[in-house]
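Engineer: start27.txt is reproduced in full below (compact mmCIF, C-alpha atoms (C1' of nucleotides)).
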```
# COMPACT_ATOMS: atom_id res chain seq x y z
CA MET P 1 -145.16 -176.11 20.76
CA ASN P 2 -141.56 -175.62 21.46
CA ARG P 3 -139.84 -178.88 20.71
CA LYS P 4 -139.48 -178.84 17.00
CA LYS P 5 -141.69 -176.79 14.81
CA ILE P 6 -140.71 -177.33 11.23
CA GLU P 7 -139.49 -180.21 9.13
CA GLU P 8 -136.85 -178.25 7.26
CA PRO P 9 -133.54 -177.96 9.02
CA GLU P 10 -133.78 -174.22 8.85
CA ILE P 11 -131.18 -173.93 11.53
CA TYR P 12 -128.42 -174.02 8.98
CA GLY P 13 -129.48 -171.49 6.42
CA THR P 14 -129.12 -171.66 2.67
CA GLU P 15 -125.93 -171.60 0.68
CA ALA P 16 -126.50 -168.01 -0.35
CA GLN P 17 -127.00 -167.01 3.26
CA HIS P 18 -123.74 -168.59 4.26
CA LEU P 19 -121.94 -166.82 1.47
CA LEU P 20 -123.29 -163.49 2.56
CA TRP P 21 -122.58 -164.08 6.21
CA SER P 22 -119.05 -165.10 5.37
CA VAL P 23 -118.37 -161.65 3.99
CA HIS P 24 -120.26 -159.82 6.72
CA LEU P 25 -123.25 -158.84 4.63
CA LYS P 26 -126.81 -159.16 5.81
CA ALA P 27 -128.61 -162.00 4.07
CA THR P 28 -131.41 -159.95 2.65
CA PRO P 29 -133.96 -161.30 0.16
CA GLY P 30 -132.57 -159.17 -2.63
CA ARG P 31 -129.02 -160.36 -2.27
CA VAL P 32 -130.07 -163.95 -1.81
CA ALA P 33 -132.26 -163.82 -4.93
CA LEU P 34 -129.44 -162.31 -6.97
CA LEU P 35 -126.92 -164.85 -5.77
CA ASP P 36 -129.26 -167.75 -6.50
CA LEU P 37 -129.97 -166.36 -9.91
CA LEU P 38 -126.33 -165.79 -10.78
CA ASN P 39 -125.58 -169.26 -9.52
CA GLU P 40 -127.92 -170.75 -12.12
CA GLU P 41 -126.55 -168.72 -14.97
CA LYS P 42 -123.56 -170.20 -16.64
CA HIS P 43 -122.32 -166.95 -18.12
CA PRO P 44 -122.17 -163.26 -17.39
CA VAL P 45 -125.59 -161.62 -17.62
CA SER P 46 -126.68 -158.04 -17.97
CA ILE P 47 -128.55 -156.05 -15.39
CA ALA P 48 -131.54 -155.89 -17.70
CA HIS P 49 -131.53 -159.68 -17.85
CA LEU P 50 -131.38 -159.95 -14.08
CA GLU P 51 -134.17 -157.46 -13.73
CA SER P 52 -136.56 -159.35 -15.98
CA ARG P 53 -135.68 -162.72 -14.49
CA LEU P 54 -136.31 -161.42 -11.02
CA ARG P 55 -139.61 -159.94 -12.05
CA LYS P 56 -140.70 -163.37 -13.26
CA ILE P 57 -139.14 -165.75 -10.78
CA SER P 58 -139.36 -164.09 -7.44
CA ALA P 59 -141.40 -161.08 -6.49
CA GLY P 60 -139.03 -158.77 -8.25
CA LEU P 61 -136.61 -156.32 -6.75
CA ALA P 62 -136.93 -152.64 -7.34
CA ALA P 63 -134.42 -151.53 -9.96
CA ALA P 64 -132.67 -149.34 -7.45
CA SER P 65 -132.26 -152.28 -5.11
CA ILE P 66 -130.72 -154.41 -7.83
CA TYR P 67 -128.05 -151.81 -8.41
CA ARG P 68 -127.40 -151.44 -4.71
CA ALA P 69 -127.27 -155.18 -4.12
CA LEU P 70 -124.98 -155.82 -7.07
CA ASP P 71 -122.65 -153.09 -5.92
CA SER P 72 -122.30 -154.69 -2.54
CA LEU P 73 -121.86 -158.18 -3.99
CA VAL P 74 -119.15 -156.95 -6.33
CA SER P 75 -117.38 -154.96 -3.68
CA VAL P 76 -116.99 -157.97 -1.42
CA GLY P 77 -115.93 -160.18 -4.30
CA LEU P 78 -118.84 -162.60 -4.45
CA VAL P 79 -119.65 -161.39 -7.94
CA ASN P 80 -117.57 -160.20 -10.86
CA ARG P 81 -118.33 -157.46 -13.31
CA ILE P 82 -117.31 -158.44 -16.83
CA ASP P 83 -116.72 -156.31 -19.90
CA THR P 84 -118.22 -157.99 -22.92
CA GLY P 85 -117.14 -155.36 -25.38
CA THR P 86 -120.56 -153.80 -25.52
CA ILE P 87 -121.56 -150.68 -23.70
CA HIS P 88 -123.26 -152.52 -20.89
CA ALA P 89 -121.42 -154.44 -18.20
CA THR P 90 -122.48 -157.91 -17.16
CA TYR P 91 -122.25 -159.80 -13.92
CA GLU P 92 -121.18 -163.30 -13.03
CA ILE P 93 -120.93 -165.24 -9.81
CA ARG P 94 -117.38 -165.60 -8.67
CA VAL P 95 -117.41 -167.64 -5.54
CA GLY P 96 -117.60 -171.38 -6.01
CA ARG P 97 -116.27 -171.21 -9.53
CA ARG P 98 -112.77 -171.85 -10.70
CA HIS P 99 -110.98 -168.77 -11.87
CA HIS P 100 -111.62 -168.51 -15.58
CA HIS P 101 -111.89 -166.18 -18.54
CA HIS P 102 -114.16 -165.70 -21.52
CA LEU P 103 -114.32 -166.00 -25.25
CA ILE P 104 -116.83 -163.49 -26.50
CA CYS P 105 -118.36 -163.57 -29.97
CA MET P 106 -118.42 -160.12 -31.53
CA GLY P 107 -121.21 -161.25 -33.80
CA CYS P 108 -123.88 -162.66 -31.51
CA GLY P 109 -122.47 -161.99 -28.06
CA ASP P 110 -122.32 -165.68 -27.20
CA ILE P 111 -119.83 -166.53 -24.47
CA GLU P 112 -117.67 -169.55 -23.79
CA ASP P 113 -115.50 -170.07 -20.75
CA SER P 114 -111.81 -170.76 -20.89
CA GLU P 115 -109.77 -172.26 -18.10
CA LYS P 116 -106.56 -170.98 -19.62
CA CYS P 117 -105.11 -168.23 -17.57
CA LEU P 118 -102.04 -166.11 -17.22
CA PRO P 119 -98.77 -167.78 -16.31
CA LYS P 120 -98.33 -167.97 -12.56
CA GLY P 121 -96.65 -164.96 -11.07
CA ILE P 122 -97.36 -162.57 -13.86
CA GLU P 123 -99.18 -160.26 -11.47
CA HIS P 124 -95.98 -159.98 -9.49
CA THR P 125 -93.96 -159.28 -12.59
CA VAL P 126 -96.39 -156.62 -13.69
CA LEU P 127 -96.43 -155.08 -10.26
CA ALA P 128 -92.65 -155.09 -10.10
CA ASP P 129 -92.48 -153.17 -13.37
CA SER P 130 -95.02 -150.69 -12.17
CA LYS P 131 -94.04 -147.32 -10.81
CA LYS P 132 -97.36 -146.29 -9.38
CA PHE P 133 -99.03 -149.34 -7.90
CA ALA P 134 -98.82 -150.79 -4.41
CA SER P 135 -100.74 -153.98 -5.03
CA LEU P 136 -102.80 -155.90 -7.54
CA SER P 137 -105.70 -158.02 -6.47
CA ARG P 138 -107.35 -159.33 -9.59
CA HIS P 139 -107.32 -159.18 -13.34
CA SER P 140 -109.76 -159.55 -16.17
CA LEU P 141 -108.96 -161.28 -19.40
CA GLU P 142 -111.39 -161.63 -22.26
CA PHE P 143 -110.83 -162.87 -25.78
CA PHE P 144 -112.89 -161.42 -28.58
CA GLY P 145 -113.57 -163.26 -31.78
CA THR P 146 -116.16 -164.96 -33.92
CA CYS P 147 -118.07 -168.08 -33.01
CA ILE P 148 -118.58 -170.91 -35.49
CA LYS P 149 -122.19 -170.00 -36.14
CA CYS P 150 -121.42 -166.38 -36.90
CA ALA P 151 -118.47 -167.35 -39.07
CA LYS P 152 -121.12 -169.24 -41.09
CA MET K 1 -105.20 -118.76 -60.44
CA ASN K 2 -104.59 -122.35 -61.05
CA ARG K 3 -100.91 -122.90 -60.49
CA LYS K 4 -100.63 -123.20 -56.76
CA LYS K 5 -103.16 -121.77 -54.43
CA ILE K 6 -102.06 -122.35 -50.88
CA GLU K 7 -98.85 -122.53 -48.93
CA GLU K 8 -99.73 -125.58 -46.87
CA PRO K 9 -98.98 -128.88 -48.54
CA GLU K 10 -102.61 -129.84 -48.22
CA ILE K 11 -102.13 -132.37 -50.94
CA TYR K 12 -101.10 -134.96 -48.43
CA GLY K 13 -103.73 -134.73 -45.73
CA THR K 14 -103.32 -135.09 -42.00
CA GLU K 15 -102.33 -138.16 -40.09
CA ALA K 16 -105.89 -138.71 -38.92
CA GLN K 17 -107.14 -138.49 -42.48
CA HIS K 18 -104.69 -141.13 -43.60
CA LEU K 19 -105.74 -143.39 -40.78
CA LEU K 20 -109.36 -143.07 -41.74
CA TRP K 21 -108.72 -143.53 -45.42
CA SER K 22 -106.68 -146.61 -44.70
CA VAL K 23 -109.70 -148.30 -43.20
CA HIS K 24 -112.12 -147.01 -45.83
CA LEU K 25 -113.88 -144.48 -43.65
CA LYS K 26 -114.68 -140.98 -44.76
CA ALA K 27 -112.42 -138.43 -43.10
CA THR K 28 -115.17 -136.37 -41.54
CA PRO K 29 -114.55 -133.57 -39.04
CA GLY K 30 -116.03 -135.57 -36.20
CA ARG K 31 -113.85 -138.60 -36.67
CA VAL K 32 -110.76 -136.52 -37.23
CA ALA K 33 -111.41 -134.50 -34.07
CA LEU K 34 -111.92 -137.66 -32.04
CA LEU K 35 -108.80 -139.31 -33.38
CA ASP K 36 -106.70 -136.24 -32.71
CA LEU K 37 -108.09 -135.99 -29.22
CA LEU K 38 -107.51 -139.66 -28.42
CA ASN K 39 -104.04 -139.32 -29.80
CA GLU K 40 -103.19 -136.70 -27.21
CA GLU K 41 -104.59 -138.67 -24.33
CA LYS K 42 -102.22 -141.09 -22.77
CA HIS K 43 -104.90 -143.26 -21.20
CA PRO K 44 -108.43 -144.46 -21.80
CA VAL K 45 -110.99 -141.69 -21.44
CA SER K 46 -114.72 -141.70 -20.94
CA ILE K 47 -117.29 -140.49 -23.40
CA ALA K 48 -118.21 -137.69 -21.02
CA HIS K 49 -114.59 -136.58 -21.04
CA LEU K 50 -114.44 -136.63 -24.81
CA GLU K 51 -117.66 -134.69 -25.01
CA SER K 52 -116.46 -131.87 -22.78
CA ARG K 53 -113.04 -131.69 -24.40
CA LEU K 54 -114.61 -131.44 -27.81
CA ARG K 55 -116.93 -128.72 -26.64
CA LYS K 56 -113.93 -126.67 -25.55
CA ILE K 57 -111.32 -127.44 -28.16
CA SER K 58 -113.10 -127.70 -31.43
CA ALA K 59 -116.62 -126.64 -32.21
CA GLY K 60 -118.06 -129.61 -30.42
CA LEU K 61 -119.77 -132.62 -31.88
CA ALA K 62 -123.37 -133.40 -31.12
CA ALA K 63 -123.55 -136.17 -28.52
CA ALA K 64 -125.24 -138.45 -31.00
CA SER K 65 -122.41 -137.93 -33.45
CA ILE K 66 -119.81 -138.81 -30.86
CA TYR K 67 -121.48 -142.13 -30.23
CA ARG K 68 -121.79 -142.83 -33.93
CA ALA K 69 -118.22 -141.81 -34.66
CA LEU K 70 -116.80 -143.86 -31.79
CA ASP K 71 -118.78 -146.87 -32.91
CA SER K 72 -117.27 -146.69 -36.35
CA LEU K 73 -113.75 -146.11 -35.04
CA VAL K 74 -114.02 -149.07 -32.71
CA SER K 75 -115.51 -151.32 -35.33
CA VAL K 76 -112.61 -150.78 -37.70
CA GLY K 77 -110.07 -151.17 -34.92
CA LEU K 78 -108.62 -147.68 -34.80
CA VAL K 79 -109.86 -147.31 -31.26
CA ASN K 80 -110.26 -149.69 -28.33
CA ARG K 81 -113.01 -149.80 -25.80
CA ILE K 82 -111.63 -150.52 -22.32
CA ASP K 83 -113.40 -151.76 -19.23
CA THR K 84 -112.13 -149.91 -16.19
CA GLY K 85 -114.25 -151.78 -13.72
CA THR K 86 -116.72 -148.97 -13.41
CA ILE K 87 -120.03 -148.85 -15.12
CA HIS K 88 -118.87 -146.63 -17.92
CA ALA K 89 -116.60 -147.78 -20.69
CA THR K 90 -113.64 -145.75 -21.84
CA TYR K 91 -111.89 -145.35 -25.15
CA GLU K 92 -108.29 -145.33 -26.20
CA ILE K 93 -106.50 -144.97 -29.50
CA ARG K 94 -105.13 -148.25 -30.73
CA VAL K 95 -103.32 -147.57 -33.93
CA GLY K 96 -99.80 -146.25 -33.60
CA ARG K 97 -99.40 -147.62 -30.10
CA ARG K 98 -97.70 -150.78 -29.02
CA HIS K 99 -100.04 -153.44 -27.82
CA HIS K 100 -100.37 -152.98 -24.05
CA HIS K 101 -102.58 -153.48 -21.04
CA HIS K 102 -103.61 -151.52 -17.98
CA LEU K 103 -103.22 -151.37 -14.25
CA ILE K 104 -106.30 -149.73 -12.83
CA CYS K 105 -106.54 -148.34 -9.33
CA MET K 106 -109.79 -149.32 -7.67
CA GLY K 107 -109.46 -146.39 -5.35
CA CYS K 108 -108.98 -143.36 -7.58
CA GLY K 109 -109.33 -144.82 -11.06
CA ASP K 110 -105.80 -143.87 -12.04
CA ILE K 111 -104.36 -145.93 -14.87
CA GLU K 112 -100.84 -147.08 -15.71
CA ASP K 113 -99.85 -148.92 -18.83
CA SER K 114 -98.09 -152.25 -18.84
CA GLU K 115 -96.15 -153.69 -21.72
CA LYS K 116 -96.36 -157.17 -20.26
CA CYS K 117 -98.64 -159.33 -22.29
CA LEU K 118 -99.77 -162.88 -22.68
CA PRO K 119 -97.26 -165.50 -23.76
CA LYS K 120 -97.07 -165.76 -27.51
CA GLY K 121 -99.51 -168.19 -28.98
CA ILE K 122 -101.92 -168.27 -26.11
CA GLU K 123 -104.73 -167.16 -28.38
CA HIS K 124 -104.13 -170.23 -30.46
CA THR K 125 -104.12 -172.46 -27.42
CA VAL K 126 -107.33 -170.94 -26.17
CA LEU K 127 -108.91 -171.26 -29.57
CA ALA K 128 -107.80 -174.87 -29.86
CA ASP K 129 -109.48 -175.69 -26.57
CA SER K 130 -112.64 -173.95 -27.62
CA LYS K 131 -115.62 -175.88 -28.95
CA LYS K 132 -117.63 -172.97 -30.24
CA PHE K 133 -115.25 -170.42 -31.70
CA ALA K 134 -113.92 -170.09 -35.23
CA SER K 135 -111.41 -167.33 -34.62
CA LEU K 136 -110.10 -164.87 -32.07
CA SER K 137 -108.94 -161.44 -33.09
CA ARG K 138 -108.07 -159.59 -29.95
CA HIS K 139 -108.08 -159.74 -26.19
CA SER K 140 -108.34 -157.38 -23.28
CA LEU K 141 -106.34 -157.72 -20.12
CA GLU K 142 -106.64 -155.36 -17.19
CA PHE K 143 -105.16 -155.63 -13.74
CA PHE K 144 -107.05 -154.14 -10.83
CA GLY K 145 -105.37 -153.03 -7.66
CA THR K 146 -104.42 -150.12 -5.49
CA CYS K 147 -102.02 -147.36 -6.42
CA ILE K 148 -99.39 -146.10 -4.04
CA LYS K 149 -101.29 -142.93 -3.23
CA CYS K 150 -104.49 -144.76 -2.39
CA ALA K 151 -102.60 -147.36 -0.34
CA LYS K 152 -101.42 -144.34 1.65
C1' DA E 1 -138.76 -164.68 22.56
C1' DC E 2 -138.17 -159.46 22.10
C1' DA E 3 -136.57 -154.69 21.58
C1' DG E 4 -133.64 -151.55 19.04
C1' DC E 5 -130.89 -149.86 15.42
C1' DA E 6 -128.35 -149.65 11.36
C1' DA E 7 -128.80 -151.42 7.00
C1' DA E 8 -131.97 -152.58 3.10
C1' DC E 9 -135.89 -151.86 0.56
C1' DG E 10 -139.68 -149.84 -2.26
C1' DC E 11 -141.26 -146.16 -4.72
C1' DG E 12 -141.21 -142.35 -7.43
C1' DA E 13 -138.76 -138.66 -9.23
C1' DA E 14 -134.45 -136.77 -11.04
C1' DA E 15 -130.43 -137.05 -13.55
C1' DG E 16 -127.68 -139.14 -17.09
C1' DA E 17 -126.60 -141.81 -20.93
C1' DT E 18 -127.66 -143.69 -25.43
C1' DT E 19 -130.52 -144.16 -29.48
C1' DT E 20 -133.60 -142.77 -33.18
C1' DG E 21 -135.90 -140.07 -36.85
C1' DC E 22 -135.48 -136.76 -40.04
C1' DA E 23 -134.04 -132.72 -42.54
C1' DT E 24 -129.59 -130.81 -44.01
C1' DT E 25 -124.76 -130.93 -45.10
C1' DT E 26 -120.64 -132.92 -47.01
C1' DG E 27 -116.71 -136.19 -48.41
C1' DG E 28 -114.95 -138.04 -52.19
C1' DA E 29 -115.76 -140.87 -56.53
C1' DA E 30 -117.08 -140.16 -61.31
C1' DT N 1 -118.57 -129.73 -60.98
C1' DT N 2 -122.15 -132.97 -60.12
C1' DC N 3 -124.14 -136.38 -57.32
C1' DC N 4 -125.28 -139.81 -53.76
C1' DA N 5 -124.45 -142.43 -49.85
C1' DA N 6 -122.80 -141.48 -45.57
C1' DA N 7 -122.40 -138.05 -41.63
C1' DT N 8 -124.15 -134.58 -38.88
C1' DG N 9 -127.14 -131.56 -35.94
C1' DC N 10 -131.03 -131.22 -33.31
C1' DA N 11 -134.65 -132.64 -30.57
C1' DA N 12 -137.45 -136.15 -28.83
C1' DA N 13 -137.86 -140.78 -27.21
C1' DT N 14 -135.76 -144.48 -24.54
C1' DC N 15 -133.03 -146.52 -21.37
C1' DT N 16 -130.14 -146.71 -17.44
C1' DT N 17 -128.57 -145.39 -13.02
C1' DT N 18 -128.90 -142.63 -8.90
C1' DC N 19 -131.18 -140.23 -5.00
C1' DG N 20 -134.23 -138.98 -1.25
C1' DC N 21 -137.03 -140.57 2.12
C1' DG N 22 -140.44 -143.01 4.70
C1' DT N 23 -141.03 -147.98 5.89
C1' DT N 24 -139.47 -152.58 6.70
C1' DT N 25 -136.30 -156.03 8.27
C1' DG N 26 -131.98 -158.76 9.50
C1' DC N 27 -129.56 -159.63 13.29
C1' DT N 28 -127.20 -158.51 17.80
C1' DG N 29 -127.74 -158.30 22.61
C1' DT N 30 -130.96 -159.07 26.44
```
Reformat the file's structure so that it appears as structure tokens.
Structural biologist:
Amino acid sequence: MNRKKIEEPEIYGTEAQHLLWSVHLKATPGRVALLDLLNEEKHPVSIAHLESRLRKISAGLAAASIYRALDSLVSVGLVNRIDTGTIHATYEIRVGRRHHHHLICMGCGDIEDSEKCLPKGIEHTVLADSKKFASLSRHSLEFFGTCIKCAK
Amino acid sequence: MNRKKIEEPEIYGTEAQHLLWSVHLKATPGRVALLDLLNEEKHPVSIAHLESRLRKISAGLAAASIYRALDSLVSVGLVNRIDTGTIHATYEIRVGRRHHHHLICMGCGDIEDSEKCLPKGIEHTVLADSKKFASLSRHSLEFFGTCIKCAK
DNA sequence: ACAGCAAACGCGAAAGATTTGCATTTGGAA
DNA sequence: TTCCAAATGCAAATCTTTCGCGTTTGCTGT
């Protein structure tokens, strides 16, 4: 039993595994589950949301592990942390998506993506004006307003 | 004793009182203390920071009251809630300041203001592209990077 | 295929942060 | 000055996030 054991071409690994390997992180079940989950979501989700989804879908990560895994995913840039104007931060997959921003409804919290972004080069302009910064690597831009439903 | 009782021209009220009255909020000690405090600060500060400052400076608001007061100040637009990329949100006075954004150091958390903003009319463009939103009232824009000190 | 080690994980407890209920106080309109 | 809705203080209840530590596991080198 050494020729070929399994049908699946497991040699190549999943997409999530490749993502993790590409940033030198171990492809652990927790990180893979979180990446898969965030990949399905179309919008930023809260930690509480992730926690309950994981409890249902997969075995369920310990809360502490979710925090640790998210921290590592954010720190290597696979995932973004987004401010939705509420107290609690939300998370969104970054890799594999076009750079984009959000319209956030202050009534119901609903979110829509926007492809509009800052004019090219504005980071350089901002940096040039700055007296204290050596470099800028990313920015966050969110628009707050009222969605059609909440406007009645 | 009915002609004139006190030296101070108390007839007019403080700046914080006027701000509160202008948005139809009662000028309570808690809100006034918070507004005064935020007015001194040059950058967004955390709730924990506000709490300890209040304990020292004035009598000190109950934690619950700080949360309630900040909620009301934010909801009427006197104060902004800012995402600094960490878990905890921060607060900054809005009224009386020019519209501006922030450069946030991912190393030490230091913040610098930037007067650069989005091109005029971008909110309208974004709104026009949107399928779900009726109106946009504000936006947040933060740049994340490394300050000179942290870049060593 | 296997051993070894640093990195992750689970679990439970600790530490913090935020909210709620309720009795009491107070700003400001009448 | 009176009065009432809105604020506040306080303490308890809830959440959220972090930590310590013993156990498990991904993955590198053999």
Engineer: Within 10 Å of E:DA7, counting all atoms listed in the file, which residues qualify if same-chain residues fewer than 5 places away don't, as a list in words?
Structural biologist: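 The contact residues come out as Leu25, Lys26 and Thr28 of chain P; DT25 and DG26 of chain N.
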Engineer: Find the residues near E:DG27: any atom within 12 Å, counting only C-alpha atoms (C1' of nucleotides), skip ones fewer than 4 places away on the same chain, and give them as a list in words.
Structural biologist: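 So the residues in contact are Gln17, Trp21, Leu25, Lys26, Ala27, Thr28 and Pro29 of chain K; DC3, DC4, DA5, DA6 and DA7 of chain N.
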Engineer: Show me which bits of chain E are within 10 Å of chain P, counting all atoms listed in the file, as a VMD selection string.
Structural biologist: chain E and resid 7 to 11 18
Engineer: Identify all chain N residues at most 10 Å from chain P by counting all atoms listed in the file; ligands do not count. Present them as a PyMOL selection string.
Structural biologist: chain N and resi 16-19+25-27
Engineer: Set the distance at 8 Å and use all atoms listed in the file: which residues neighbour P:Arg94 once local chain neighbours fewer than 2 positions away are removed? I'd like the list as a PyMOL selection string.
Structural biologist: chain P and resi 77-80+92+96-97+99
Engineer: Taking only C-alpha atoms into account, produce a table as a Markdown table in which each residue of chain P with an atom at most 9 Å from an atom of chain K appears once, together with its shortest atom pair and the distance in Å to one decimal, ordered by chain and rising number.
Structural biologist:
```
| residue | atom | partner | partner_atom | distance |
| --- | --- | --- | --- | --- |
| P:Arg81 | CA | K:Gly85 | CA | 7.0 |
| P:Ile82 | CA | K:Gly85 | CA | 8.0 |
| P:Asp83 | CA | K:Asp83 | CA | 5.7 |
| P:Thr84 | CA | K:Asp83 | CA | 8.7 |
| P:Gly85 | CA | K:Arg81 | CA | 6.9 |
| P:Thr86 | CA | K:Arg81 | CA | 8.5 |
| P:Ile87 | CA | K:Ala89 | CA | 6.5 |
| P:His88 | CA | K:Ile87 | CA | 7.6 |
| P:Ala89 | CA | K:Ile87 | CA | 6.5 |
| P:Leu103 | CA | K:Phe133 | CA | 7.9 |
| P:Ile104 | CA | K:Phe133 | CA | 8.8 |
| P:Cys105 | CA | K:Phe133 | CA | 7.7 |
| P:Ile111 | CA | K:Lys132 | CA | 8.9 |
| P:Glu112 | CA | K:Lys132 | CA | 7.3 |
| P:Asp113 | CA | K:Ser130 | CA | 8.4 |
| P:Ser114 | CA | K:Val126 | CA | 6.9 |
| P:Glu115 | CA | K:Val126 | CA | 8.5 |
| P:Lys116 | CA | K:Val126 | CA | 6.6 |
| P:Leu118 | CA | K:Leu118 | CA | 6.7 |
| P:Pro119 | CA | K:Pro119 | CA | 7.9 |
| P:Ile122 | CA | K:Lys116 | CA | 8.4 |
| P:Glu123 | CA | K:Phe143 | CA | 7.9 |
| P:Thr125 | CA | K:Lys116 | CA | 8.3 |
| P:Val126 | CA | K:Lys116 | CA | 6.6 |
| P:Leu127 | CA | K:Leu103 | CA | 8.7 |
| P:Asp129 | CA | K:Ser114 | CA | 7.9 |
| P:Ser130 | CA | K:Ser114 | CA | 7.5 |
| P:Lys131 | CA | K:Glu112 | CA | 8.4 |
| P:Lys132 | CA | K:Cys147 | CA | 5.6 |
| P:Phe133 | CA | K:Cys147 | CA | 3.9 |
| P:Ala134 | CA | K:Ile148 | CA | 4.7 |
| P:Ser135 | CA | K:Thr146 | CA | 5.4 |
| P:Leu136 | CA | K:Gly145 | CA | 3.9 |
| P:Ser137 | CA | K:Gly145 | CA | 5.1 |
| P:Arg138 | CA | K:Phe144 | CA | 5.3 |
| P:His139 | CA | K:Phe143 | CA | 4.2 |
| P:Ser140 | CA | K:Glu142 | CA | 5.3 |
| P:Leu141 | CA | K:Leu141 | CA | 4.5 |
| P:Glu142 | CA | K:Ser140 | CA | 5.3 |
| P:Phe143 | CA | K:His139 | CA | 4.2 |
| P:Phe144 | CA | K:Arg138 | CA | 5.3 |
| P:Gly145 | CA | K:Leu136 | CA | 3.8 |
| P:Thr146 | CA | K:Ser135 | CA | 5.4 |
| P:Cys147 | CA | K:Phe133 | CA | 3.9 |
| P:Ile148 | CA | K:Ala134 | CA | 4.7 |
| P:Lys149 | CA | K:Lys132 | CA | 8.0 |
| P:Cys150 | CA | K:Ala134 | CA | 8.5 |
| P:Ala151 | CA | K:Ala134 | CA | 6.6 |
```
Engineer: Have a look at atom CA of P:Ala33 and atom CA of P:Ile57 and let me know their distance in Å, one decimal.
Structural biologist: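 Taking atom CA of P:Ala33 as the start and atom CA of P:Ile57 as the end point, the length is 9.2 Å.
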Engineer: As an exercise, work out the distance from atom CA of P:His43 to atom CA of K:Leu73 in Å and give it to one decimal place.
Structural biologist: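 Atom CA of K:Leu73 lies 28.2 Å from atom CA of P:His43.
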Engineer: Do you have the atom C1' of E:DA6-atom CA of P:Leu35 distance handy?
Structural biologist: 22.9 Å
Engineer: For stretch 27-38 of chain K, which lacks atoms in the input, supply N, CA and C atoms and format the output as a PDB file, in the coordinates of the input.
Structural biologist:
```
ATOM      1  N   ALA K  27    -113.120-139.262 -44.073  1.00  0.00           N
ATOM      2  CA  ALA K  27    -112.420-138.430 -43.100  1.00  0.00           C
ATOM      3  C   ALA K  27    -113.277-137.225 -42.747  1.00  0.00           C
ATOM      4  N   THR K  28    -114.269-137.457 -41.915  1.00  0.00           N
ATOM      5  CA  THR K  28    -115.170-136.370 -41.540  1.00  0.00           C
ATOM      6  C   THR K  28    -114.606-135.631 -40.331  1.00  0.00           C
ATOM      7  N   PRO K  29    -115.073-134.394 -40.135  1.00  0.00           N
ATOM      8  CA  PRO K  29    -114.550-133.570 -39.040  1.00  0.00           C
ATOM      9  C   PRO K  29    -114.694-134.264 -37.680  1.00  0.00           C
ATOM     10  N   GLY K  30    -115.814-134.905 -37.476  1.00  0.00           N
ATOM     11  CA  GLY K  30    -116.030-135.570 -36.200  1.00  0.00           C
ATOM     12  C   GLY K  30    -115.005-136.649 -35.934  1.00  0.00           C
ATOM     13  N   ARG K  31    -114.805-137.510 -36.872  1.00  0.00           N
ATOM     14  CA  ARG K  31    -113.850-138.600 -36.670  1.00  0.00           C
ATOM     15  C   ARG K  31    -112.435-138.071 -36.519  1.00  0.00           C
ATOM     16  N   VAL K  32    -112.107-137.081 -37.324  1.00  0.00           N
ATOM     17  CA  VAL K  32    -110.760-136.520 -37.230  1.00  0.00           C
ATOM     18  C   VAL K  32    -110.547-135.893 -35.858  1.00  0.00           C
ATOM     19  N   ALA K  33    -111.537-135.146 -35.387  1.00  0.00           N
ATOM     20  CA  ALA K  33    -111.410-134.500 -34.070  1.00  0.00           C
ATOM     21  C   ALA K  33    -111.236-135.557 -32.993  1.00  0.00           C
ATOM     22  N   LEU K  34    -112.016-136.613 -33.052  1.00  0.00           N
ATOM     23  CA  LEU K  34    -111.920-137.660 -32.040  1.00  0.00           C
ATOM     24  C   LEU K  34    -110.571-138.351 -32.085  1.00  0.00           C
ATOM     25  N   LEU K  35    -110.101-138.657 -33.270  1.00  0.00           N
ATOM     26  CA  LEU K  35    -108.800-139.310 -33.380  1.00  0.00           C
ATOM     27  C   LEU K  35    -107.688-138.424 -32.844  1.00  0.00           C
ATOM     28  N   ASP K  36    -107.735-137.154 -33.199  1.00  0.00           N
ATOM     29  CA  ASP K  36    -106.700-136.240 -32.710  1.00  0.00           C
ATOM     30  C   ASP K  36    -106.722-136.170 -31.187  1.00  0.00           C
ATOM     31  N   LEU K  37    -107.931-136.088 -30.665  1.00  0.00           N
ATOM     32  CA  LEU K  37    -108.090-135.990 -29.220  1.00  0.00           C
ATOM     33  C   LEU K  37    -107.552-137.243 -28.539  1.00  0.00           C
ATOM     34  N   LEU K  38    -107.951-138.401 -29.040  1.00  0.00           N
ATOM     35  CA  LEU K  38    -107.510-139.660 -28.420  1.00  0.00           C
ATOM     36  C   LEU K  38    -106.009-139.825 -28.561  1.00  0.00           C
TER      37      LEU K  38
END
```
